[in-house]
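Colleague: If you scroll down you'll find the structure; I have some questions about it.
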Amino acid sequence: MDLQTSRSAGALEPEPAPPDIQRDASAPQATHAPALVPAQPLVLIDAERSSVWLDLRDLWRFRELLYFLTWRDIKVRYKQTLMGAAWVVIQPIFSMLLFTLVFNKFAGLSSGDIPYPLFAYTGLLLWTFFANAVINGTYSLINNTNLITKVYFPRMFIPAAAIAAGLVDFAIASLILCGLAVYYAVVPSAQLLLLPCFVALTLLLALGVGFLTSALTVKYRDLRHALPFIIQLWMFASPVIYPASKVTGAWRWVLVFNPLTGIIEGFRSALVGRAFDWTAIGIAAALTLVVLVTSLYVFRRAEETFADLV
Amino acid sequence: MQPIVKVENLSKRYRIGGLHPGYMTFREMLAGAVTAPFRRLSGGGDASSRETLWALREINFEVQQGELIGIIGPNGAGKSTLLKILSRVTKPTTGRVALYGRVGSLLEVGTGFHPDLTGRENIFLSGAILGMRRFEIARKFDEIVAFSEIEKFIDTPVKWYSSGMYVRLAFSVAAHLEPEILMMDEVLAVGDAAFQQKCLDKMHDIRQQGRTIFFVSHNMPAVTRLCKRVLLLARGTIASDGAAERVVNDYLSTSLNVGAERIWNDAQSAPGNEVVRLRGVRVRAQDGETIAAIDIRRPFGIEITYEVRQAGHVLAPVVELYNQEGTHLFSAHDTAPEWRKIPRPAGLYISAAWIPGNLLSEGSMLAHVSLMSHVPSTVEHLHERNVVAFQVIDTQAGDSARGDYIGPMSGMIRPLLVWTTQIKQDENR
């Protein structure tokens, strides 16, 4: 088979240039000389060889695409909306007011030395970003079936773009936090410099979870139905509306092994200049790293079959 | 010479159903549970072979730089799977592919287009998805817009475009890709005739620049016109690889199940009656050879062999020609004086209807033949439909009715007319 086809390919080659090419060769626009075929293949597709390591060269080559996909996800979100980006602010503000009313005023939940509205808003700010990032990331691959089945590029960019697009919402919602901080006369300290680190940790954790859930959703659509429930549970297992210190006894371990505990409480500490709980932050950073590495591994293993399954 | 694409032992296996228990209905599940033990008892192959499908099986070929290679075959032959593997969308199950150049794939029109974004935004987005750099898109932006002819609507969301506008913009972006290897899947099947022509010209340009193109299509006239070499895929293997006319013919004759020649060896079962029976029909060149691919410029014959079993009848062989759309092009009765109105003695006769060059349009044709008596009254002794098939090929040599035009030409016939032109002297000069 091999011999036969290569012979027929060779048989075609010495054929004189087809007449239409000769005819057009004299035309003024046909000035491009064909480049030489390189000695080494640019791309080698081998069924036997597959790597779970990140192909950094490939990611770098397509880097602009990450930008364009993120840009698309941001653009599309606010097209044909009356209030546009205002929704980003309205959502957490109303949640904050609601939680303040219910948990602080009615139930009498205290948030220690931080005023409850400010406390709730910091939690909601990070949580909203995280939850939306995970949800958008999870659905991203199945929402981009047309791309996955038609053209090659690093698949990782699809959930990454969906998650990164949330940073714009986060930035806008952060402006309200600045306003609240001024209103409650928060005195900025040197700890404020660590604030971006907690945002970065949230982003990395969202990427970790998003890569994992998006890859799994391609194969198991069940996750689509389970996700809203899981996200809701996760919120109540995180110190968003209550301080981590309130949880003691039998259920304490849930918060200890939830990376968001260290991140959210660390974010608050950085904002108001409270002492850091380095143990919690250390656990959060370590868990984030574990989640990210695991999910990258799973994603790389799964991505080869995306086009066939999605 | 070193090839630009080298494919070795390439196979792709798909699992059918097995991986998606969630997609199986409860009824199917029950049915599966009931029949499974019996299937095992009957021992008809293992379960894995039943649930998998080899879309491609041990494919080997090489492509040289600058080749425009057509890929044809029936639905499900593996054409799209092959392009998907070559463009790295999906991974092969076995084998290797070495690509010695950048690959651009155009497996659909409008890859990456988002309906809510404007034409301008989609040019950048789709360009980036198809592998263009940002500065490249910016540099070619005006050219892309001009090619698409939608300048006025460039800032309108594409969801409000007509389908024609959408396709034009999408193709314009794709046409300005500059990969060394371009994969195209049937994108020419869209758009109006004028735009299709632009696309073909663009493909021509791309090839002039020494790029390599893989062109998957069901449009046989386009394939024979554009490609020098064609791969025919059938059931995941390469059934034929070679010169376009020959391969397209192989395909058409197998897919129509009708070739350029048909013979009835057994006189008893041959079509006909007690007067006359049909014994063979073939398409022949002037030199007597049976041919399936006919150069549009050359005359050829439809040759009918028939056995007259009962002497004393006046017979007229008839040929009817149909094109691939099933349009009846013409019927022709034998009008030659030798046997016109003359009763024939029994024996084996061979009649040929000669069809002149530069009459038929390009594409595949089917012939029906019949044998009739008109004198003293009209009797149809036999009428056999779709007896032989052949392909008319317009080779773009420049001396057929298409002249220097390379695009698709419609029309049932394509006569080569005599043209005259005079220059009219301007009196004011």
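Identifiers in the structure tokens: chain A, B, ... in order shown; residue index from 1 per chain; ligand index from 1 in order shown.
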Output as a PyMOL selection string the set of chain B residues within 8 Å of chain A, with distances taken over only C-alpha atoms.
Modeller: chain B and resi 2-4+8-9+14+20+22+60-66+84+87-102+105-108+111-112+116-117+124-125+128-131+133-134+205+208-211+229+241-243+396-397
Colleague: Write out as JSON, numbers by chain the residues lying within 8 Å of B:Arg277, counting only C-alpha atoms and excluding same-chain residues fewer than 4 positions away.
Modeller: {"B": [267, 270, 271, 272, 273, 306, 307, 308, 309, 382]}
Colleague: Store the residues picked out above in a file with C-alpha atoms, as an mmCIF file, in the first residue's frame.
Modeller:
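Below is the file again01.cif, written as the result:
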```
data_model
loop_
_atom_site.group_PDB
_atom_site.id
_atom_site.type_symbol
_atom_site.label_atom_id
_atom_site.label_comp_id
_atom_site.auth_asym_id
_atom_site.auth_seq_id
_atom_site.Cartn_x
_atom_site.Cartn_y
_atom_site.Cartn_z
ATOM 1 C CA ALA B 267 -28.771 -14.053 -24.892
ATOM 2 C CA ALA B 270 -30.556 -10.018 -22.275
ATOM 3 C CA PRO B 271 -33.051 -7.151 -22.657
ATOM 4 C CA GLY B 272 -35.242 -7.450 -25.697
ATOM 5 C CA ASN B 273 -37.892 -9.663 -27.262
ATOM 6 C CA TYR B 306 -27.574 -6.186 -30.695
ATOM 7 C CA GLU B 307 -28.671 -9.488 -32.056
ATOM 8 C CA VAL B 308 -31.470 -9.569 -34.603
ATOM 9 C CA ARG B 309 -33.180 -12.905 -34.094
ATOM 10 C CA LEU B 382 -36.394 -2.850 -25.821
#
```
Colleague: Set the distance at 10 Å and use only C-alpha atoms: which residues neighbour B:Asn75 once local chain neighbours fewer than 5 positions away are removed? I'd like the list as a ChimeraX atom specification.
Modeller: /B:80,218,233-235
Colleague: Residues of the last selection are to be written out with C-alpha atoms, as a compact mmCIF listing (two decimals), in the first residue's frame.
Modeller:
```txt
# COMPACT_ATOMS: atom_id res chain seq x y z
CA SER B 80 -13.57 14.77 6.74
CA HIS B 218 -18.54 16.39 -4.06
CA LEU B 233 -11.48 7.28 -0.33
CA ALA B 234 -13.83 4.39 0.19
CA ARG B 235 -14.60 2.83 3.56
```
Colleague: Residues near B:Asn249, anyone? I mean within 12 Å using only C-alpha atoms, not counting same-chain ones fewer than 3 positions away, as number ranges by chain.
Modeller: B: 72-73, 220-221, 223-224, 230-232, 240-246, 252-260, 291-294, 363-365, 389-393
Colleague: Could you turn the residues from that selection into a file that holds N, CA and C atoms, as a compact mmCIF listing (two decimals), in the first residue's frame?
Modeller:
```
# COMPACT_ATOMS: atom_id res chain seq x y z
N ILE B 72 -12.02 12.84 -2.81
CA ILE B 72 -13.42 12.55 -3.10
C ILE B 72 -13.79 11.20 -2.51
N GLY B 73 -15.04 10.90 -2.52
CA GLY B 73 -15.51 9.63 -2.00
C GLY B 73 -16.93 9.79 -1.49
N MET B 220 -17.78 17.19 -8.73
CA MET B 220 -16.80 16.53 -9.61
C MET B 220 -16.26 17.44 -10.72
N PRO B 221 -17.10 18.24 -11.36
CA PRO B 221 -16.52 19.13 -12.37
C PRO B 221 -15.46 20.06 -11.77
N VAL B 223 -13.60 19.49 -9.13
CA VAL B 223 -12.42 18.70 -8.78
C VAL B 223 -11.58 18.41 -10.02
N THR B 224 -12.21 17.99 -11.09
CA THR B 224 -11.42 17.67 -12.29
C THR B 224 -10.79 18.92 -12.89
N VAL B 230 -6.02 13.33 -7.58
CA VAL B 230 -7.18 13.11 -6.73
C VAL B 230 -7.01 11.82 -5.94
N LEU B 231 -7.40 11.86 -4.66
CA LEU B 231 -7.45 10.66 -3.83
C LEU B 231 -8.90 10.25 -3.71
N LEU B 232 -9.17 8.99 -3.99
CA LEU B 232 -10.53 8.49 -3.79
C LEU B 232 -10.54 7.65 -2.52
N SER B 240 -8.24 4.78 -4.72
CA SER B 240 -7.58 5.17 -5.96
C SER B 240 -6.82 6.47 -5.72
N ASP B 241 -5.66 6.59 -6.35
CA ASP B 241 -4.83 7.78 -6.18
C ASP B 241 -4.16 8.03 -7.53
N GLY B 242 -4.43 9.16 -8.13
CA GLY B 242 -3.78 9.41 -9.41
C GLY B 242 -4.38 10.60 -10.13
N ALA B 243 -4.24 10.58 -11.44
CA ALA B 243 -4.71 11.69 -12.27
C ALA B 243 -6.20 11.92 -12.06
N ALA B 244 -6.58 13.18 -11.98
CA ALA B 244 -7.94 13.55 -11.60
C ALA B 244 -9.01 12.88 -12.46
N GLU B 245 -8.84 12.91 -13.79
CA GLU B 245 -9.89 12.39 -14.67
C GLU B 245 -10.12 10.91 -14.40
N ARG B 246 -9.03 10.18 -14.24
CA ARG B 246 -9.15 8.73 -14.07
C ARG B 246 -9.84 8.40 -12.74
N LEU B 252 -17.13 7.70 -10.14
CA LEU B 252 -18.47 7.83 -10.69
C LEU B 252 -18.99 6.50 -11.18
N SER B 253 -18.09 5.71 -11.80
CA SER B 253 -18.59 4.44 -12.32
C SER B 253 -18.94 3.48 -11.19
N THR B 254 -18.16 3.53 -10.07
CA THR B 254 -18.53 2.64 -8.97
C THR B 254 -19.74 3.17 -8.22
N SER B 255 -19.83 4.50 -8.04
CA SER B 255 -20.92 5.01 -7.23
C SER B 255 -22.24 4.93 -7.98
N LEU B 256 -22.22 5.09 -9.28
CA LEU B 256 -23.46 4.96 -10.04
C LEU B 256 -23.74 3.50 -10.33
N ASN B 257 -22.73 2.68 -10.08
CA ASN B 257 -22.81 1.26 -10.38
C ASN B 257 -22.99 1.05 -11.88
N VAL B 258 -22.57 2.02 -12.64
CA VAL B 258 -22.67 1.94 -14.08
C VAL B 258 -21.31 2.35 -14.64
N GLY B 259 -20.77 1.57 -15.53
CA GLY B 259 -19.48 1.90 -16.11
C GLY B 259 -19.62 2.37 -17.54
N ALA B 260 -18.49 2.40 -18.21
CA ALA B 260 -18.49 2.87 -19.60
C ALA B 260 -18.83 1.74 -20.56
N ILE B 291 -13.82 4.25 -23.34
CA ILE B 291 -13.35 5.31 -22.44
C ILE B 291 -14.47 5.79 -21.55
N ALA B 292 -14.09 6.20 -20.35
CA ALA B 292 -15.07 6.71 -19.40
C ALA B 292 -14.92 8.21 -19.21
N ALA B 293 -13.74 8.73 -19.54
CA ALA B 293 -13.49 10.16 -19.40
C ALA B 293 -13.33 10.74 -20.79
N ILE B 294 -14.19 11.67 -21.09
CA ILE B 294 -14.17 12.21 -22.45
C ILE B 294 -13.76 13.66 -22.44
N GLY B 363 -19.28 17.24 -16.86
CA GLY B 363 -20.01 16.55 -15.81
C GLY B 363 -20.25 15.11 -16.20
N SER B 364 -21.00 14.39 -15.34
CA SER B 364 -21.23 13.00 -15.67
C SER B 364 -22.54 12.85 -16.43
N MET B 365 -22.56 11.89 -17.30
CA MET B 365 -23.70 11.68 -18.19
C MET B 365 -24.11 10.21 -18.12
N ALA B 389 -22.34 5.01 -18.29
CA ALA B 389 -22.10 6.34 -17.74
C ALA B 389 -20.72 6.79 -18.16
N PHE B 390 -20.57 8.07 -18.31
CA PHE B 390 -19.24 8.61 -18.63
C PHE B 390 -19.15 10.03 -18.11
N GLN B 391 -17.96 10.54 -18.19
CA GLN B 391 -17.69 11.84 -17.62
C GLN B 391 -17.13 12.73 -18.72
N VAL B 392 -17.67 13.92 -18.86
CA VAL B 392 -17.12 14.87 -19.82
C VAL B 392 -16.24 15.85 -19.06
N ILE B 393 -15.03 15.99 -19.53
CA ILE B 393 -14.06 16.81 -18.81
C ILE B 393 -13.59 17.98 -19.66
```
Colleague: I'd like the contact shell of A:Ile283 - 8 Å cut-off, only C-alpha atoms, skipping same-chain residues fewer than 5 positions apart - returned as a PyMOL selection string.
Modeller: chain A and resi 256-257+259+262
Colleague: Generate the output file for the selected residues, N, CA and C atoms, as an mmCIF file, in the first residue's frame.
Modeller:
```cif
data_model
loop_
_atom_site.group_PDB
_atom_site.id
_atom_site.type_symbol
_atom_site.label_atom_id
_atom_site.label_comp_id
_atom_site.auth_asym_id
_atom_site.auth_seq_id
_atom_site.Cartn_x
_atom_site.Cartn_y
_atom_site.Cartn_z
ATOM 1 N N VAL A 256 -11.086 24.139 56.900
ATOM 2 C CA VAL A 256 -9.631 24.003 56.852
ATOM 3 C C VAL A 256 -9.190 23.523 55.469
ATOM 4 N N PHE A 257 -9.932 22.584 54.928
ATOM 5 C CA PHE A 257 -9.532 22.037 53.626
ATOM 6 C C PHE A 257 -10.192 22.722 52.425
ATOM 7 N N PRO A 259 -9.749 25.733 50.143
ATOM 8 C CA PRO A 259 -8.743 26.763 49.845
ATOM 9 C C PRO A 259 -9.312 28.176 49.884
ATOM 10 N N GLY A 262 -8.718 30.373 53.357
ATOM 11 C CA GLY A 262 -7.504 31.171 53.491
ATOM 12 C C GLY A 262 -7.506 32.365 52.560
#
```
Colleague: Rounded to one decimal in Å, what is the spacing between atom CA of A:Ala86 and atom CA of A:Leu124?
Modeller: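 Separation of atom CA of A:Ala86 and atom CA of A:Leu124: 16.3 Å.
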Colleague: Which residue is closest to B:Ala316? Choose from B:Glu261, B:Val375, B:Lys159, B:Ala367 and count only C-alpha atoms.
Modeller: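 Using only C-alpha atoms, the shortest distance to B:Ala316 belongs to B:Val375.
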Colleague: Can you list, as a PyMOL selection string, every protein, DNA or RNA residue that comes within 10 Å of B:Ser351 when you count only C-alpha atoms, leaving out same-chain residues fewer than 2 positions away?
Modeller: chain B and resi 281+301-306+316-318+334+349+353-354
Colleague: Need the shell around A:Ala280: protein/DNA/RNA residues with any atom at most 12 Å away, counting only C-alpha atoms. Skip same-chain ones fewer than 5 positions apart. Format as a ChimeraX atom specification?
Modeller: /A:244-245,253,255-267,285-287
Colleague: For the residues selected in the previous step, produce a file with N, CA and C atoms as a short mmCIF file (atom, residue, chain, number, x, y, z; two decimals), in the first residue's frame.
Modeller:
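New file selection.cif:
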```
data_model
loop_
_atom_site.label_atom_id
_atom_site.label_comp_id
_atom_site.auth_asym_id
_atom_site.auth_seq_id
_atom_site.Cartn_x
_atom_site.Cartn_y
_atom_site.Cartn_z
N ALA A 244 -14.72 32.87 59.33
CA ALA A 244 -14.21 31.51 59.50
C ALA A 244 -14.13 31.14 60.97
N SER A 245 -13.90 32.13 61.81
CA SER A 245 -13.73 31.86 63.25
C SER A 245 -15.00 31.34 63.90
N TRP A 253 -13.18 21.06 59.93
CA TRP A 253 -12.30 20.52 58.87
C TRP A 253 -12.73 20.95 57.47
N LEU A 255 -13.80 23.83 56.55
CA LEU A 255 -13.19 25.12 56.24
C LEU A 255 -11.68 25.02 56.11
N VAL A 256 -11.09 24.14 56.90
CA VAL A 256 -9.63 24.00 56.85
C VAL A 256 -9.19 23.52 55.47
N PHE A 257 -9.93 22.58 54.93
CA PHE A 257 -9.53 22.04 53.63
C PHE A 257 -10.19 22.72 52.43
N ASN A 258 -10.82 23.85 52.70
CA ASN A 258 -11.37 24.64 51.60
C ASN A 258 -10.39 25.76 51.30
N PRO A 259 -9.75 25.73 50.14
CA PRO A 259 -8.74 26.76 49.85
C PRO A 259 -9.31 28.18 49.88
N LEU A 260 -10.63 28.31 49.67
CA LEU A 260 -11.21 29.65 49.68
C LEU A 260 -11.21 30.28 51.07
N THR A 261 -11.14 29.45 52.11
CA THR A 261 -11.10 29.99 53.48
C THR A 261 -9.90 30.91 53.64
N GLY A 262 -8.72 30.37 53.36
CA GLY A 262 -7.50 31.17 53.49
C GLY A 262 -7.51 32.37 52.56
N ILE A 263 -8.05 32.18 51.37
CA ILE A 263 -8.01 33.26 50.38
C ILE A 263 -8.93 34.42 50.79
N ILE A 264 -10.19 34.07 51.12
CA ILE A 264 -11.15 35.13 51.44
C ILE A 264 -10.76 35.85 52.74
N GLU A 265 -10.41 35.07 53.75
CA GLU A 265 -10.03 35.70 55.02
C GLU A 265 -8.74 36.50 54.85
N GLY A 266 -7.82 35.98 54.05
CA GLY A 266 -6.57 36.70 53.77
C GLY A 266 -6.84 38.01 53.05
N PHE A 267 -7.78 37.98 52.13
CA PHE A 267 -8.15 39.18 51.37
C PHE A 267 -8.68 40.25 52.32
N ALA A 285 -2.76 28.10 49.47
CA ALA A 285 -1.81 28.16 48.35
C ALA A 285 -1.42 26.76 47.90
N ALA A 286 -1.16 25.87 48.88
CA ALA A 286 -0.75 24.50 48.56
C ALA A 286 -1.88 23.77 47.84
N LEU A 287 -3.12 23.91 48.36
CA LEU A 287 -4.25 23.23 47.73
C LEU A 287 -4.50 23.75 46.32
#
```
Colleague: DSSP on the backbone: what in stretch 234-312 of chain B comes out helix (DSSP H, G or I), as a PyMOL selection string?
Modeller: chain B and resi 244-255
Colleague: Dump C-alpha atoms for the selected residues as a JSON list (two decimals), in the first residue's frame?
Modeller:
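Output (selection.json):
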```
[["chain", "number", "residue", "atom", "x", "y", "z"],
["B", 244, "ALA", "CA", -7.94, 13.55, -11.60],
["B", 245, "GLU", "CA", -9.89, 12.39, -14.67],
["B", 246, "ARG", "CA", -9.15, 8.73, -14.07],
["B", 247, "VAL", "CA", -9.94, 8.76, -10.35],
["B", 248, "VAL", "CA", -13.11, 10.79, -10.74],
["B", 249, "ASN", "CA", -14.21, 8.30, -13.34],
["B", 250, "ASP", "CA", -13.45, 5.34, -11.14],
["B", 251, "TYR", "CA", -15.55, 6.94, -8.49],
["B", 252, "LEU", "CA", -18.47, 7.83, -10.69],
["B", 253, "SER", "CA", -18.59, 4.44, -12.32],
["B", 254, "THR", "CA", -18.53, 2.64, -8.97],
["B", 255, "SER", "CA", -20.92, 5.01, -7.23]]
```
Colleague: I need the residue nearest B:Met184 from this list: B:Ser217, B:Thr420, B:Gln310, B:Thr118. Use only C-alpha atoms for the distance.
Modeller: B:Ser217
Colleague: Which distance in Å separates atom CA of B:Glu320 and atom CA of B:Glu384, to one decimal?
Modeller: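 Straight-line distance from atom CA of B:Glu320 to atom CA of B:Glu384 works out to 10.1 Å.
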Colleague: Return the single residue from A:Val240, A:Ala206, A:Ala85, A:Met96 that is closest to A:Ile163, with distances computed using only C-alpha atoms.
Modeller: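 Nearest candidate to A:Ile163 out of A:Val240, A:Ala206, A:Ala85, A:Met96: A:Ala206.
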Colleague: Report the distance between atom CA of B:Met132 and atom CA of B:Glu178 in Å, rounded to one decimal place.
Modeller: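 Interatomic distance here is 8.1 Å.
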